There are 2 protein chains.
Amino acid sequence: MPDPLRLGIAGLGTVGAGVVGIALRHAELLAARAGRPIAVTAVSARDRTRDRGLDLSAFAWEDDPVALARRPDVDVFVELMGGEGGAALAATEAALAAGKDVVTANKAMLAHHGQRLAEAAEARGAVIRFEAAVAGGIPVVKVLTEGLAGNVITRVMGVMNGTCNYILTRMEASGLPYAEVFAEADALGYLEADPNLDVGGIDAGHKLSLLAAIAFGTQVSFSEVELEGIGAVTIEDIRQAADMGFRIKLLGVAQMTGRGLEQRMSPCLVPADSPLGQLQGGTNMVVIEGDSVGQLVLRGAGAGRGPTASAVMADVIDLARGFRVSTFGRPAASLAPARPARATAPAAYYLRMALIDKPGALAKVAAVLGDAGVSIDRMRQYGHAEPTAPVLIVTHKTTRDALDHALVRLPATGVVVGSPVAIRIEVV
Amino acid sequence: MPDPLRLGIAGLGTVGAGVVGIALRHAELLAARAGRPIAVTAVSARDRTRDRGLDLSAFAWEDDPVALARRPDVDVFVELMGGEGGAALAATEAALAAGKDVVTANKAMLAHHGQRLAEAAEARGAVIRFEAAVAGGIPVVKVLTEGLAGNVITRVMGVMNGTCNYILTRMEASGLPYAEVFAEADALGYLEADPNLDVGGIDAGHKLSLLAAIAFGTQVSFSEVELEGIGAVTIEDIRQAADMGFRIKLLGVAQMTGRGLEQRMSPCLVPADSPLGQLQGGTNMVVIEGDSVGQLVLRGAGAGRGPTASAVMADVIDLARGFRVSTFGRPAASLAPARPARATAPAAYYLRMALIDKPGALAKVAAVLGDAGVSIDRMRQYGHAEPTAPVLIVTHKTTRDALDHALVRLPATGVVVGSPVAIRIEVV
């Protein structure tokens, strides 16, 4: 039997404990598949005394993850601490400087420092793998980097934050407003310590920026992701959207357009009967479109001990098998700086506004839209008790510029009460 | 730039021409991703003069695929001729004997000779990759072999023959009987030269047997797949199933049970609102369940030039990157002979039968089912004009043995007219 691949695991939270669990439970199976044993040699975590339900006595312990990353008996540094910088970044840099391969689940670190880390890895002949950083158990990094490597990728879309999808589907099912469902999710422990990472779309935006880099051969550019969270989604919009055959999802879209790379993470309407529309609860879905393959849909658990540990272990087994691929699928030096484009791809939009209930109000709105070049596909005016009349409009495909042009001119009509809501419709 | 990876492509039909097309069109992109150029050096096909819309003049031509497989300027033999044996098998064996890697889309060849070919490859340090052989553009071989390598796989399911799914969804949509829709599909060119490969479930069964070998570490055992085609599916069953919230799919299921490996390819009822139930037309879907990852669903084009060529090219790029994995994910010598088990996993069943319309008929049927240990979950009796009354029964979970026990006893009741239809229900 060849030498074992020796892992040093930093971080023994949910995911770290899951990885150790698989390594112990399935040692024989992993060795058969990898062609060599997978051995945990050393671990590190903040609290040595915590009971994790695992026997760690066979592993060396390091209080300092940087020291763990440098140990001569560690071949692969498995970074499962999390956090954009700090100890995770320091230890990852130390591992790469020592020429060790890194497996990480850390989307924040890669979204912010991915290019630099990829260059550092390549300078020392090391590789970074990060399947667990995107969409949990769904092997989307592998599918995009390897399985679709023969394709020009045209678009990548995804619902990649289970907490947001849970909140949105729960709002629809229960009829409860955002604030109440948010409080429920918090009580259930579904939210990050900083909930804005979830509901602000940041976590999902990190993931999108990593997929975009692989898909389009560009440097990770998380700062260029147009981010909009779900905090402004109302139960009213969820209901009205449903009534017109749509569901609201926090949807990431990355596509290369003639004007540059478009990356958006924002609430979107999707057809209720599409795969994305039917996604319930905490499940994740990624849709990839390539010039040869057409559309590929991947659906699975986006978080949790088992699924995330499954992804980490897949990276480890790849390394044990001797698979070596550049971090973002091609040499870091060949990744082009992303030329960001903001929502240039035309789309249909859902508009909701309240009109003063008097003759001609709707005609004035229609005229403003028409003057801006925004044409109306469908429109509904609802019966109502208030002095204002709720109106829903689904536009034909238009640019965001044209729509914004119309929206700023609506107040001057004198018939629109409050701010209109405009949500993009993505057809999948 | 490192040396190119040199391909010899045998077979220039739809898929072969697609692969050559990608290699020519995306040469720069492929080289950037693979780290070296991908070059077609030689090709072979039955008819040299046919216009394929491609300029083949830069490639050496071989009339004999075996000669192509042995060419010293070919690193990877790409077998896209098809057919269980014959020239495809001879050329593949010649390539492996010469120590060359093989990329193939040939499910029939691997289903029948996979174990022997895998051993031949390993004896010479060569590898066989076959992403395109299963589910077209869906990278399911990679996902199962690599992306889920840290999991004990518990079940693999799939709708993997687009023609059958087209026929079944078209029957439901049009209300036309099987024979008419079959004729339509034939006229549209959707059927294999031997249509039984499609509608008899053989092609899909080939694919299932390959996935089962990877999933469970067993030798490919296509001969042990329980095969049942779609020829006996009636429009009546499609309608009644829909009425009870189900759709009928030609579904493959492979699972390891306490009694051995179960492999079935047969018409099944699936919930209409499940991912499998919602699969329309020629699209394929594979559902994989693992102990850590939970359930993963993959959906995409199962056939056609672009998707299949995408899968072939992914294998080629893996080889160019130096990825080397055993044919079925672990050394061929370590694959266990499959111990076949026939439908041991309990399931609910859909039963349709015609009863003589007289008091007590239904009670007699219920008694026979009950005596066999088959309990009834739901039952419907329909209004009717004929002297017999159609009755639908959905059972609770039961074994096939218990069900068969009941079915053979039904005629003795004297109230059942004709043969009852029994279709397994798979809950996904």
# chains A, B, ... in the order shown; residues from 1 in each chain; ligands from 1
$ select_by_dssp --residues "stretch 18-71 of chain A" --states "strand (DSSP E)" --output "list in words"
Ile38, Ala39, Val40, Thr41, Ala42, Val43, Ser44, Ala60, Trp61 and Glu62 of chain A
$ closest_atom_pairs --of "chain B" --to "chain A" --cutoff "8 Å" --atoms "only C-alpha atoms" --output "JSON lines"
{"residue": "B:Ile22", "atom": "CA", "partner": "A:Gly150", "partner_atom": "CA", "distance": 7.2}
{"residue": "B:His26", "atom": "CA", "partner": "A:Gly150", "partner_atom": "CA", "distance": 7.9}
{"residue": "B:Leu30", "atom": "CA", "partner": "A:Gly150", "partner_atom": "CA", "distance": 6.5}
{"residue": "B:Ala32", "atom": "CA", "partner": "A:Arg330", "partner_atom": "CA", "distance": 6.0}
{"residue": "B:Arg33", "atom": "CA", "partner": "A:Arg330", "partner_atom": "CA", "distance": 4.9}
{"residue": "B:Ala34", "atom": "CA", "partner": "A:Arg330", "partner_atom": "CA", "distance": 7.5}
{"residue": "B:Gly35", "atom": "CA", "partner": "A:Arg330", "partner_atom": "CA", "distance": 7.3}
{"residue": "B:Gly137", "atom": "CA", "partner": "A:Val293", "partner_atom": "CA", "distance": 5.5}
{"residue": "B:Ile138", "atom": "CA", "partner": "A:Leu296", "partner_atom": "CA", "distance": 6.9}
{"residue": "B:Pro139", "atom": "CA", "partner": "A:Gly147", "partner_atom": "CA", "distance": 5.6}
{"residue": "B:Lys142", "atom": "CA", "partner": "A:Gly147", "partner_atom": "CA", "distance": 7.0}
{"residue": "B:Val143", "atom": "CA", "partner": "A:Pro139", "partner_atom": "CA", "distance": 6.9}
{"residue": "B:Glu146", "atom": "CA", "partner": "A:Ala314", "partner_atom": "CA", "distance": 6.2}
{"residue": "B:Gly147", "atom": "CA", "partner": "A:Ala314", "partner_atom": "CA", "distance": 5.3}
{"residue": "B:Leu148", "atom": "CA", "partner": "A:Ala314", "partner_atom": "CA", "distance": 6.1}
{"residue": "B:Ala149", "atom": "CA", "partner": "A:Ala314", "partner_atom": "CA", "distance": 5.6}
{"residue": "B:Gly150", "atom": "CA", "partner": "A:Met313", "partner_atom": "CA", "distance": 5.3}
{"residue": "B:Asn151", "atom": "CA", "partner": "A:Ser310", "partner_atom": "CA", "distance": 6.6}
{"residue": "B:Pro275", "atom": "CA", "partner": "A:Pro275", "partner_atom": "CA", "distance": 8.0}
{"residue": "B:Asp291", "atom": "CA", "partner": "A:Gly306", "partner_atom": "CA", "distance": 7.7}
{"residue": "B:Ser292", "atom": "CA", "partner": "A:Gly306", "partner_atom": "CA", "distance": 4.2}
{"residue": "B:Val293", "atom": "CA", "partner": "A:Pro307", "partner_atom": "CA", "distance": 4.0}
{"residue": "B:Gly294", "atom": "CA", "partner": "A:Pro307", "partner_atom": "CA", "distance": 6.7}
{"residue": "B:Gln295", "atom": "CA", "partner": "A:Gly300", "partner_atom": "CA", "distance": 6.0}
{"residue": "B:Leu296", "atom": "CA", "partner": "A:Gly300", "partner_atom": "CA", "distance": 4.6}
{"residue": "B:Val297", "atom": "CA", "partner": "A:Arg299", "partner_atom": "CA", "distance": 5.0}
{"residue": "B:Leu298", "atom": "CA", "partner": "A:Leu298", "partner_atom": "CA", "distance": 4.8}
{"residue": "B:Arg299", "atom": "CA", "partner": "A:Val297", "partner_atom": "CA", "distance": 5.0}
{"residue": "B:Gly300", "atom": "CA", "partner": "A:Leu296", "partner_atom": "CA", "distance": 4.6}
{"residue": "B:Ala301", "atom": "CA", "partner": "A:Gly294", "partner_atom": "CA", "distance": 7.0}
{"residue": "B:Arg305", "atom": "CA", "partner": "A:Ser292", "partner_atom": "CA", "distance": 8.0}
{"residue": "B:Gly306", "atom": "CA", "partner": "A:Ser292", "partner_atom": "CA", "distance": 4.2}
{"residue": "B:Pro307", "atom": "CA", "partner": "A:Val293", "partner_atom": "CA", "distance": 4.0}
{"residue": "B:Thr308", "atom": "CA", "partner": "A:Val293", "partner_atom": "CA", "distance": 7.5}
{"residue": "B:Ala309", "atom": "CA", "partner": "A:Ser292", "partner_atom": "CA", "distance": 7.3}
{"residue": "B:Ser310", "atom": "CA", "partner": "A:Gly150", "partner_atom": "CA", "distance": 5.6}
{"residue": "B:Ala311", "atom": "CA", "partner": "A:Gly147", "partner_atom": "CA", "distance": 7.0}
{"residue": "B:Met313", "atom": "CA", "partner": "A:Gly150", "partner_atom": "CA", "distance": 5.3}
{"residue": "B:Ala314", "atom": "CA", "partner": "A:Gly147", "partner_atom": "CA", "distance": 5.3}
{"residue": "B:Asp315", "atom": "CA", "partner": "A:Gly147", "partner_atom": "CA", "distance": 7.9}
{"residue": "B:Ile317", "atom": "CA", "partner": "A:Ala149", "partner_atom": "CA", "distance": 7.1}
{"residue": "B:Asp318", "atom": "CA", "partner": "A:Glu146", "partner_atom": "CA", "distance": 7.0}
{"residue": "B:Arg321", "atom": "CA", "partner": "A:Val325", "partner_atom": "CA", "distance": 7.2}
{"residue": "B:Gly322", "atom": "CA", "partner": "A:Phe323", "partner_atom": "CA", "distance": 6.9}
{"residue": "B:Phe323", "atom": "CA", "partner": "A:Phe323", "partner_atom": "CA", "distance": 5.0}
{"residue": "B:Arg324", "atom": "CA", "partner": "A:Arg321", "partner_atom": "CA", "distance": 7.4}
{"residue": "B:Val325", "atom": "CA", "partner": "A:Arg321", "partner_atom": "CA", "distance": 7.2}
{"residue": "B:Gly329", "atom": "CA", "partner": "A:Arg33", "partner_atom": "CA", "distance": 6.0}
{"residue": "B:Arg330", "atom": "CA", "partner": "A:Arg33", "partner_atom": "CA", "distance": 4.9}
{"residue": "B:Pro331", "atom": "CA", "partner": "A:Ala32", "partner_atom": "CA", "distance": 7.8}
$ write_last_selection --atoms "N, CA and C atoms" --output "short mmCIF file (atom, residue, chain, number, x, y, z; two decimals), in the first residue's frame"
data_model
loop_
_atom_site.label_atom_id
_atom_site.label_comp_id
_atom_site.auth_asym_id
_atom_site.auth_seq_id
_atom_site.Cartn_x
_atom_site.Cartn_y
_atom_site.Cartn_z
N ILE B 22 -15.53 20.87 -31.44
CA ILE B 22 -15.08 21.58 -30.22
C ILE B 22 -13.56 21.76 -30.26
N HIS B 26 -12.53 25.63 -30.18
CA HIS B 26 -12.13 26.15 -28.87
C HIS B 26 -10.69 25.77 -28.52
N LEU B 30 -9.35 25.35 -24.66
CA LEU B 30 -9.04 24.01 -24.16
C LEU B 30 -7.59 23.95 -23.68
N ALA B 32 -5.78 26.40 -22.56
CA ALA B 32 -5.64 27.18 -21.32
C ALA B 32 -6.12 26.36 -20.13
N ARG B 33 -7.21 25.65 -20.34
CA ARG B 33 -7.77 24.88 -19.22
C ARG B 33 -6.98 23.60 -18.96
N ALA B 34 -6.56 22.96 -20.03
CA ALA B 34 -5.89 21.66 -19.88
C ALA B 34 -4.41 21.82 -19.54
N GLY B 35 -3.87 23.00 -19.78
CA GLY B 35 -2.44 23.21 -19.54
C GLY B 35 -1.58 22.73 -20.69
N GLY B 137 -24.77 14.76 -21.54
CA GLY B 137 -24.00 15.90 -21.06
C GLY B 137 -23.90 16.01 -19.55
N ILE B 138 -24.67 15.22 -18.82
CA ILE B 138 -24.61 15.27 -17.35
C ILE B 138 -23.33 14.59 -16.88
N PRO B 139 -22.46 15.28 -16.17
CA PRO B 139 -21.19 14.65 -15.78
C PRO B 139 -21.36 13.73 -14.58
N LYS B 142 -18.29 11.43 -13.41
CA LYS B 142 -17.35 12.22 -12.60
C LYS B 142 -17.90 12.51 -11.21
N VAL B 143 -19.16 12.89 -11.15
CA VAL B 143 -19.76 13.21 -9.85
C VAL B 143 -19.73 11.98 -8.94
N GLU B 146 -15.81 10.79 -8.41
CA GLU B 146 -14.92 11.74 -7.74
C GLU B 146 -15.66 12.64 -6.75
N GLY B 147 -16.70 13.30 -7.22
CA GLY B 147 -17.36 14.30 -6.39
C GLY B 147 -18.01 13.74 -5.14
N LEU B 148 -18.41 12.48 -5.19
CA LEU B 148 -19.04 11.85 -4.02
C LEU B 148 -18.20 10.71 -3.47
N ALA B 149 -16.89 10.75 -3.76
CA ALA B 149 -16.02 9.62 -3.39
C ALA B 149 -15.92 9.43 -1.88
N GLY B 150 -16.30 10.43 -1.09
CA GLY B 150 -16.27 10.29 0.36
C GLY B 150 -17.53 9.68 0.94
N ASN B 151 -18.47 9.30 0.08
CA ASN B 151 -19.75 8.77 0.54
C ASN B 151 -19.88 7.27 0.34
N PRO B 275 -38.83 15.99 -8.46
CA PRO B 275 -37.96 16.34 -9.59
C PRO B 275 -38.08 15.33 -10.74
N ASP B 291 -24.44 8.62 2.06
CA ASP B 291 -24.63 8.71 3.50
C ASP B 291 -24.29 10.08 4.05
N SER B 292 -23.33 10.79 3.44
CA SER B 292 -23.01 12.14 3.93
C SER B 292 -23.72 13.22 3.13
N VAL B 293 -23.75 13.07 1.82
CA VAL B 293 -24.25 14.17 0.99
C VAL B 293 -25.77 14.28 1.00
N GLY B 294 -26.44 13.20 1.39
CA GLY B 294 -27.90 13.20 1.26
C GLY B 294 -28.27 12.96 -0.19
N GLN B 295 -29.24 13.72 -0.68
CA GLN B 295 -29.70 13.49 -2.05
C GLN B 295 -29.18 14.57 -3.00
N LEU B 296 -28.60 14.11 -4.09
CA LEU B 296 -28.11 15.02 -5.12
C LEU B 296 -28.86 14.72 -6.41
N VAL B 297 -29.35 15.76 -7.07
CA VAL B 297 -30.11 15.60 -8.30
C VAL B 297 -29.38 16.31 -9.44
N LEU B 298 -29.18 15.61 -10.54
CA LEU B 298 -28.50 16.17 -11.71
C LEU B 298 -29.44 16.07 -12.90
N ARG B 299 -29.60 17.16 -13.63
CA ARG B 299 -30.55 17.20 -14.73
C ARG B 299 -29.92 17.86 -15.93
N GLY B 300 -30.06 17.26 -17.09
CA GLY B 300 -29.48 17.87 -18.28
C GLY B 300 -29.81 17.07 -19.52
N ALA B 301 -29.22 17.48 -20.64
CA ALA B 301 -29.49 16.82 -21.91
C ALA B 301 -28.80 15.46 -21.92
N ARG B 305 -25.54 15.96 -30.18
CA ARG B 305 -24.16 16.24 -30.53
C ARG B 305 -23.43 17.04 -29.44
N GLY B 306 -23.96 18.21 -29.10
CA GLY B 306 -23.27 19.10 -28.17
C GLY B 306 -23.07 18.47 -26.81
N PRO B 307 -24.14 18.02 -26.15
CA PRO B 307 -23.99 17.48 -24.81
C PRO B 307 -23.05 16.27 -24.75
N THR B 308 -23.18 15.36 -25.73
CA THR B 308 -22.34 14.17 -25.68
C THR B 308 -20.88 14.53 -25.96
N ALA B 309 -20.67 15.44 -26.91
CA ALA B 309 -19.29 15.87 -27.20
C ALA B 309 -18.70 16.61 -26.00
N SER B 310 -19.52 17.35 -25.28
CA SER B 310 -19.06 18.01 -24.05
C SER B 310 -18.51 17.00 -23.06
N ALA B 311 -19.21 15.87 -22.92
CA ALA B 311 -18.78 14.83 -21.98
C ALA B 311 -17.48 14.18 -22.44
N MET B 313 -15.21 15.55 -24.28
CA MET B 313 -14.13 16.51 -24.15
C MET B 313 -13.70 16.67 -22.69
N ALA B 314 -14.63 16.55 -21.76
CA ALA B 314 -14.27 16.61 -20.34
C ALA B 314 -13.30 15.48 -20.00
N ASP B 315 -13.57 14.29 -20.51
CA ASP B 315 -12.66 13.16 -20.27
C ASP B 315 -11.28 13.44 -20.87
N ILE B 317 -9.89 16.33 -21.45
CA ILE B 317 -9.18 17.37 -20.68
C ILE B 317 -8.66 16.80 -19.35
N ASP B 318 -9.45 15.94 -18.73
CA ASP B 318 -8.95 15.27 -17.52
C ASP B 318 -7.64 14.55 -17.82
N ARG B 321 -4.84 16.90 -18.25
CA ARG B 321 -4.40 17.44 -16.97
C ARG B 321 -3.67 16.41 -16.12
N GLY B 322 -3.65 15.17 -16.60
CA GLY B 322 -2.94 14.13 -15.86
C GLY B 322 -3.77 13.43 -14.81
N PHE B 323 -5.08 13.63 -14.85
CA PHE B 323 -5.95 12.91 -13.91
C PHE B 323 -6.02 11.46 -14.35
N ARG B 324 -5.77 10.56 -13.43
CA ARG B 324 -5.86 9.15 -13.77
C ARG B 324 -6.61 8.43 -12.66
N VAL B 325 -7.74 7.88 -13.03
CA VAL B 325 -8.55 7.17 -12.04
C VAL B 325 -8.97 5.84 -12.67
N GLY B 329 -13.57 3.57 -10.64
CA GLY B 329 -13.32 4.33 -9.42
C GLY B 329 -12.43 3.64 -8.42
N ARG B 330 -12.14 2.39 -8.65
CA ARG B 330 -11.17 1.67 -7.81
C ARG B 330 -10.58 0.55 -8.67
N PRO B 331 -9.43 -0.01 -8.27
CA PRO B 331 -8.78 -1.00 -9.13
C PRO B 331 -9.74 -2.13 -9.52
#
$ residues_around --residues "stretch 170-178 of chain B" --least-positions-apart "3" --cutoff "9 Å" --atoms "only C-alpha atoms" --output "NGL selection string"
:B and (165-167 or 181-183 or 230-236 or 238-239 or 242 or 247 or 280-281)
$ atom_distance --atom1 "atom CA of A:Ser209" --atom2 "atom CA of A:Leu117"
15.1 Å
$ select_by_dssp --residues "stretch 270-314 of chain A" --states "helix (DSSP H, G or I)" --output "ChimeraX atom specification"
/A:305-314
$ closest_residue --among "B:Ala121, B:Val199, B:Ala254, B:Val365" --to "B:Ala213" --atoms "only C-alpha atoms"
B:Ala254
$ atom_distance --atom1 "atom CA of B:Pro267" --atom2 "atom CA of B:Lys249"
5.4 Å
$ residues_around --residues "stretch 348-354 of chain A" --least-positions-apart "2" --cutoff "8 Å" --atoms "only C-alpha atoms" --output "list in words"
Asp237, Leu269, Pro346, Ile356, Thr388, Ala389, Pro390, Val391, Leu392, Ile393, Val394, Thr395, His396, Lys397, Thr398, Val416, Val417, Gly418, Ser419, Pro420, Val421, Ala422, Ile423, Arg424, Ile425 and Glu426 of chain A
$ write_last_selection --atoms "N, CA and C atoms" --output "mmCIF file, in the first residue's frame"
data_model
loop_
_atom_site.group_PDB
_atom_site.id
_atom_site.type_symbol
_atom_site.label_atom_id
_atom_site.label_comp_id
_atom_site.auth_asym_id
_atom_site.auth_seq_id
_atom_site.Cartn_x
_atom_site.Cartn_y
_atom_site.Cartn_z
ATOM 1 N N ASP A 237 -45.410 41.179 -2.129
ATOM 2 C CA ASP A 237 -44.792 40.826 -3.414
ATOM 3 C C ASP A 237 -44.743 39.320 -3.628
ATOM 4 N N LEU A 269 -37.660 37.223 -9.623
ATOM 5 C CA LEU A 269 -38.802 36.359 -9.878
ATOM 6 C C LEU A 269 -38.380 35.276 -10.856
ATOM 7 N N PRO A 346 -30.752 42.468 -20.958
ATOM 8 C CA PRO A 346 -32.154 42.862 -20.804
ATOM 9 C C PRO A 346 -32.954 41.772 -20.098
ATOM 10 N N ILE A 356 -53.140 56.492 -7.175
ATOM 11 C CA ILE A 356 -54.319 57.227 -6.732
ATOM 12 C C ILE A 356 -55.493 56.750 -7.571
ATOM 13 N N THR A 388 -55.935 54.132 -2.444
ATOM 14 C CA THR A 388 -55.022 53.861 -3.562
ATOM 15 C C THR A 388 -55.305 52.474 -4.119
ATOM 16 N N ALA A 389 -54.977 52.301 -5.395
ATOM 17 C CA ALA A 389 -55.240 51.037 -6.072
ATOM 18 C C ALA A 389 -53.914 50.336 -6.368
ATOM 19 N N PRO A 390 -53.726 49.103 -5.840
ATOM 20 C CA PRO A 390 -52.492 48.384 -6.154
ATOM 21 C C PRO A 390 -52.496 47.907 -7.618
ATOM 22 N N VAL A 391 -51.387 48.149 -8.288
ATOM 23 C CA VAL A 391 -51.255 47.748 -9.691
ATOM 24 C C VAL A 391 -49.993 46.912 -9.865
ATOM 25 N N LEU A 392 -50.121 45.814 -10.585
ATOM 26 C CA LEU A 392 -48.966 44.965 -10.916
ATOM 27 C C LEU A 392 -48.724 45.022 -12.406
ATOM 28 N N ILE A 393 -47.470 45.143 -12.763
ATOM 29 C CA ILE A 393 -47.116 45.156 -14.180
ATOM 30 C C ILE A 393 -45.972 44.181 -14.416
ATOM 31 N N VAL A 394 -46.091 43.348 -15.434
ATOM 32 C CA VAL A 394 -44.950 42.568 -15.914
ATOM 33 C C VAL A 394 -44.554 43.177 -17.248
ATOM 34 N N THR A 395 -43.318 43.641 -17.341
ATOM 35 C CA THR A 395 -42.871 44.290 -18.577
ATOM 36 C C THR A 395 -42.356 43.247 -19.559
ATOM 37 N N HIS A 396 -42.247 43.653 -20.812
ATOM 38 C CA HIS A 396 -41.446 42.873 -21.745
ATOM 39 C C HIS A 396 -39.984 43.086 -21.405
ATOM 40 N N LYS A 397 -39.102 42.378 -22.083
ATOM 41 C CA LYS A 397 -37.671 42.535 -21.808
ATOM 42 C C LYS A 397 -37.239 43.979 -22.028
ATOM 43 N N THR A 398 -36.486 44.497 -21.083
ATOM 44 C CA THR A 398 -36.010 45.872 -21.187
ATOM 45 C C THR A 398 -34.659 45.950 -20.473
ATOM 46 N N VAL A 416 -48.711 58.250 -8.555
ATOM 47 C CA VAL A 416 -48.091 57.113 -7.889
ATOM 48 C C VAL A 416 -47.835 57.464 -6.426
ATOM 49 N N VAL A 417 -48.339 56.606 -5.536
ATOM 50 C CA VAL A 417 -48.158 56.839 -4.106
ATOM 51 C C VAL A 417 -47.013 55.950 -3.607
ATOM 52 N N GLY A 418 -46.032 56.549 -2.948
ATOM 53 C CA GLY A 418 -44.899 55.785 -2.428
ATOM 54 C C GLY A 418 -43.957 55.361 -3.538
ATOM 55 N N SER A 419 -43.017 54.466 -3.189
ATOM 56 C CA SER A 419 -42.010 54.023 -4.166
ATOM 57 C C SER A 419 -42.464 52.743 -4.854
ATOM 58 N N PRO A 420 -42.418 52.703 -6.159
ATOM 59 C CA PRO A 420 -42.729 51.449 -6.845
ATOM 60 C C PRO A 420 -41.680 50.389 -6.507
ATOM 61 N N VAL A 421 -42.112 49.139 -6.476
ATOM 62 C CA VAL A 421 -41.199 48.008 -6.309
ATOM 63 C C VAL A 421 -40.891 47.463 -7.693
ATOM 64 N N ALA A 422 -39.611 47.226 -7.981
ATOM 65 C CA ALA A 422 -39.223 46.638 -9.273
ATOM 66 C C ALA A 422 -38.329 45.440 -9.014
ATOM 67 N N ILE A 423 -38.732 44.275 -9.470
ATOM 68 C CA ILE A 423 -37.933 43.061 -9.286
ATOM 69 C C ILE A 423 -37.727 42.387 -10.640
ATOM 70 N N ARG A 424 -36.487 42.050 -10.902
ATOM 71 C CA ARG A 424 -36.118 41.426 -12.161
ATOM 72 C C ARG A 424 -36.723 40.022 -12.286
ATOM 73 N N ILE A 425 -37.088 39.660 -13.475
ATOM 74 C CA ILE A 425 -37.592 38.306 -13.735
ATOM 75 C C ILE A 425 -36.519 37.545 -14.501
ATOM 76 N N GLU A 426 -36.085 36.410 -13.971
ATOM 77 C CA GLU A 426 -35.109 35.583 -14.678
ATOM 78 C C GLU A 426 -35.820 34.386 -15.273
#
$ atom_distance --atom1 "atom CA of B:Gly414" --atom2 "atom CA of B:Thr399"
24.7 Å
$ closest_residue --among "A:Thr104, A:Asn284, A:Ser57, A:Thr169" --to "A:Glu79" --atoms "only C-alpha atoms"
A:Thr104
$ residues_around --residues "A:Ala341" --least-positions-apart "5" --cutoff "6 Å" --atoms "only C-alpha atoms" --output "list in words"
Arg259, Gly260, Leu261 and Glu262 of chain A
$ decode --residues "stretch 189-200 of chain A" --atoms "N, CA and C atoms" --output "PDB file, in the first residue's frame"
ATOM      1  N   GLY A 189     -31.556  28.899  14.894  1.00  0.00           N
ATOM      2  CA  GLY A 189     -30.108  28.812  14.715  1.00  0.00           C
ATOM      3  C   GLY A 189     -29.682  28.745  13.261  1.00  0.00           C
ATOM      4  N   TYR A 190     -30.548  29.182  12.338  1.00  0.00           N
ATOM      5  CA  TYR A 190     -30.227  29.098  10.914  1.00  0.00           C
ATOM      6  C   TYR A 190     -29.340  30.240  10.436  1.00  0.00           C
ATOM      7  N   LEU A 191     -29.234  31.304  11.238  1.00  0.00           N
ATOM      8  CA  LEU A 191     -28.524  32.495  10.752  1.00  0.00           C
ATOM      9  C   LEU A 191     -27.076  32.529  11.212  1.00  0.00           C
ATOM     10  N   GLU A 192     -26.232  33.142  10.395  1.00  0.00           N
ATOM     11  CA  GLU A 192     -24.841  33.361  10.780  1.00  0.00           C
ATOM     12  C   GLU A 192     -24.802  34.332  11.963  1.00  0.00           C
ATOM     13  N   ALA A 193     -23.668  34.375  12.673  1.00  0.00           N
ATOM     14  CA  ALA A 193     -23.508  35.315  13.792  1.00  0.00           C
ATOM     15  C   ALA A 193     -23.810  36.734  13.300  1.00  0.00           C
ATOM     16  N   ASP A 194     -23.304  37.073  12.131  1.00  0.00           N
ATOM     17  CA  ASP A 194     -23.701  38.330  11.481  1.00  0.00           C
ATOM     18  C   ASP A 194     -24.749  37.982  10.429  1.00  0.00           C
ATOM     19  N   PRO A 195     -26.028  38.173  10.737  1.00  0.00           N
ATOM     20  CA  PRO A 195     -27.086  37.692   9.823  1.00  0.00           C
ATOM     21  C   PRO A 195     -27.036  38.351   8.453  1.00  0.00           C
ATOM     22  N   ASN A 196     -26.382  39.501   8.376  1.00  0.00           N
ATOM     23  CA  ASN A 196     -26.294  40.171   7.076  1.00  0.00           C
ATOM     24  C   ASN A 196     -25.509  39.341   6.059  1.00  0.00           C
ATOM     25  N   LEU A 197     -24.611  38.484   6.551  1.00  0.00           N
ATOM     26  CA  LEU A 197     -23.906  37.575   5.635  1.00  0.00           C
ATOM     27  C   LEU A 197     -24.919  36.729   4.872  1.00  0.00           C
ATOM     28  N   ASP A 198     -25.965  36.279   5.557  1.00  0.00           N
ATOM     29  CA  ASP A 198     -27.020  35.504   4.897  1.00  0.00           C
ATOM     30  C   ASP A 198     -27.991  36.416   4.149  1.00  0.00           C
ATOM     31  N   VAL A 199     -28.784  37.168   4.937  1.00  0.00           N
ATOM     32  CA  VAL A 199     -29.919  37.881   4.332  1.00  0.00           C
ATOM     33  C   VAL A 199     -29.479  39.070   3.481  1.00  0.00           C
ATOM     34  N   GLY A 200     -28.238  39.532   3.680  1.00  0.00           N
ATOM     35  CA  GLY A 200     -27.729  40.612   2.838  1.00  0.00           C
ATOM     36  C   GLY A 200     -27.170  40.104   1.522  1.00  0.00           C
TER      37      GLY A 200
END
